[in-house]
Amino acid sequence: MSRSNKHASSQSQGITNSSISRRGMIKTLGLSVGLSALPSFMFGAKTEIPMEALDHGERILPVEEKHLLDMQQFIEDCIAANKSSDPQEAVKDVLARAVSDPKVMLNAIGEPKEAGLKVFLRSKDLTIFAATWTPQMNLMPHNHHMWANIGIYTGREDNILWKKQQDGLDAHDVRCLFEGDVATLNTNAIHSVTNPLPRFTGGIHIYGGDFFATERSQWDPETLTEEPSNGDVIRNIFKKANEQMYRLNGHGN
Ligand SMILES: [Fe+2]
C-alpha cells in the first residue's frame, strides 16, 4: 500500500465509484462473480472463481467491503510489481512499504478476531491474503511450490525453515518476524509457523502463483513424515485453534 495515497485512492477508486462497482470487487473474491462490474485493474488479474474453488480446504474469512477498498491500492501495486523482471523482490518492496507502518495496514485489513485467511487476490500468478493466528497457534512444516513473501502487520510470527533430507527434515534457519518485518521464502522453502504471543498475529502472505490451486506437502510435526497437504487438515487446524481460543475466553464455542 502506498500509504501516502492509500486513503485518497480508496476515495477516488472506491467511494466515488458506484455501489455496483464496489459490489463487483467483492464478488471477485469469491462471494459470487460479476465480471462486468470489476474495476479495470482486476480484469487482468482475476478470473471467475466459485467459492468452492477459492476455499480449497483452508478456512476463509469474509472480506468486508471497507477493508477491500482500503487494500485496493496495495493490491494494484503488487500486481504491477509482479510484472517486473524480479517479481518477488519488487513485490517484497511493495509489501515492506505497506507494513512499515503496521497500524495503517491493520486498519486496512481489520483487527484479527479468529484464525484464518482473508483473501484479497487470487490469480494464476499472484495470491494475496492476510493470515491470522490465534494466540500461540502453530502450523506444521509445509511447502508452497512457489515464492512467498510475508509481512507482519500485528503481533509476531516465528518461522522455522526446514531442509528436506532423505529421512525427513532438518531445521536449518529461523526468521522471527515482528511488526513491520518482511521475509522472503524461495520456491523450495519449507517452513513451520508459530505465534509466540498471547494475542493475535496477522501477516500479509503473498505468493507468486495460485496458492489455492497448487498441491503441496506438509510434514507431521512430531515424526516429520511427509504427507500431501490436506485441506481438511488445514481447515481443522484453524477450527481447533479458534475453538481453543473461545474455550479459553470462556465463550464455549
Ligand atoms: Fe506457509
# chains A, B, ... in the order shown; residues from 1 in each chain; ligands from 1
>>> residues_near_ligand(ligand="ligand 1", cutoff="9 Å", atoms="only C-alpha atoms and all ligand atoms", output="MDAnalysis selection string")
chainID A and resid 139 141:144 148 150 185 189:193 205
>>> write_last_selection(atoms="C-alpha atoms", output="PDB file, in the first residue's frame")
ATOM      1  CA  LEU A 139       1.287 -24.542  11.879  1.00  0.00           C
ATOM      2  CA  PRO A 141       6.065 -27.629   8.362  1.00  0.00           C
ATOM      3  CA  HIS A 142       4.729 -27.183   4.858  1.00  0.00           C
ATOM      4  CA  ASN A 143       5.845 -26.023   1.436  1.00  0.00           C
ATOM      5  CA  HIS A 144       4.229 -23.844  -1.226  1.00  0.00           C
ATOM      6  CA  ALA A 148       6.349 -16.389  -0.876  1.00  0.00           C
ATOM      7  CA  ILE A 150       5.420 -12.485   4.406  1.00  0.00           C
ATOM      8  CA  LEU A 185      10.822 -17.642   1.020  1.00  0.00           C
ATOM      9  CA  ALA A 189      11.214 -23.352   1.023  1.00  0.00           C
ATOM     10  CA  ILE A 190       9.624 -25.426   3.777  1.00  0.00           C
ATOM     11  CA  HIS A 191       8.572 -23.577   6.907  1.00  0.00           C
ATOM     12  CA  SER A 192       6.593 -24.004  10.086  1.00  0.00           C
ATOM     13  CA  VAL A 193       4.961 -21.067  11.807  1.00  0.00           C
ATOM     14  CA  HIS A 205       1.203 -13.500   2.733  1.00  0.00           C
TER      15      HIS A 205
END
>>> closest_atom_pairs(of="stretch 143-242 of chain A", to="stretch 99-103 of chain A", cutoff="7 Å", atoms="only C-alpha atoms", output="Markdown table")
| residue | atom | partner | partner_atom | distance |
| --- | --- | --- | --- | --- |
| A:Gly151 | CA | A:Val99 | CA | 6.3 |
| A:Ile152 | CA | A:Val99 | CA | 6.6 |
| A:Tyr153 | CA | A:Pro102 | CA | 4.4 |
| A:Thr154 | CA | A:Pro102 | CA | 6.5 |
| A:Glu179 | CA | A:Pro102 | CA | 6.3 |
| A:Gly180 | CA | A:Ser100 | CA | 4.8 |
>>> write_last_selection(atoms="C-alpha atoms", output="PDB file, in the first residue's frame")
ATOM      1  CA  GLY A 151       4.954  -9.095   6.080  1.00  0.00           C
ATOM      2  CA  ILE A 152       3.719  -8.747   9.655  1.00  0.00           C
ATOM      3  CA  TYR A 153       1.198  -6.009  10.479  1.00  0.00           C
ATOM      4  CA  THR A 154       0.322  -7.077  14.022  1.00  0.00           C
ATOM      5  CA  GLU A 179       5.539  -5.954  13.219  1.00  0.00           C
ATOM      6  CA  GLY A 180       6.900  -4.272  10.121  1.00  0.00           C
TER       7      GLY A 180
END
>>> select_by_dssp(residues="stretch 102-245 of chain A", states="strand (DSSP E)", output="ChimeraX atom specification")
/A:116-122,127-133,138-143,148-154,156-165,168-178,182-185,190-194,201-207,217-219,226-228
>>> residues_around(residues="A:Gln166", least_positions_apart="3", cutoff="12 Å", atoms="only C-alpha atoms", output="list in words")
Lys163, Leu169, Asp170, Leu224, Thr225 and Glu226 of chain A
>>> closest_residue(among="A:Asp210, A:Glu65, A:Asp167, A:Glu76", to="A:Trp147", atoms="only C-alpha atoms")
A:Asp210
>>> closest_residue(among="A:Ala96, A:Ile160, A:Leu177, A:Leu126", to="A:Gly202", atoms="only C-alpha atoms")
A:Leu177
>>> closest_residue(among="A:Pro221, A:Pro135, A:Pro62, A:Pro228", to="A:Asn249", atoms="only C-alpha atoms")
A:Pro135
>>> closest_residue(among="A:Met105, A:Val63, A:Arg156, A:Met146", to="A:Glu215", atoms="only C-alpha atoms")
A:Met146
>>> closest_residue(among="A:Leu95, A:Met71, A:Leu117, A:Leu161", to="A:Val174", atoms="only C-alpha atoms")
A:Leu161
>>> closest_residue(among="A:Val119, A:Glu89, A:Phe178, A:Glu222", to="A:Ile75", atoms="only C-alpha atoms")
A:Val119
>>> atom_distance(atom1="atom CA of A:Ala131", atom2="atom CA of A:Phe200")
10.4 Å
>>> residues_around(residues="A:Asn149", least_positions_apart="6", cutoff="10 Å", atoms="only C-alpha atoms", output="list of chain:residue names")
A:Gln88, A:Glu89, A:Val91, A:Lys92, A:Asp93, A:Leu95, A:Ala96, A:Ile128, A:Val182, A:Ala183, A:Thr184, A:Leu185, A:Asn186, A:Gly203, A:Ile204, A:His205, A:Ile206, A:Tyr207, A:Gly208
>>> residues_around(residues="A:Thr201", least_positions_apart="3", cutoff="7 Å", atoms="only C-alpha atoms", output="ChimeraX atom specification")
/A:132-134,154-157,195
>>> residues_around(residues="stretch 113-116 of chain A", least_positions_apart="5", cutoff="9 Å", atoms="only C-alpha atoms", output="PyMOL selection string")
chain A and resi 58-61+130-134+137+200+235+238-239+241-242+245
>>> select_by_dssp(residues="stretch 64-168 of chain A", states="alpha helix (DSSP H)", output="number ranges by chain")
A: 65-81, 87-99, 102-109
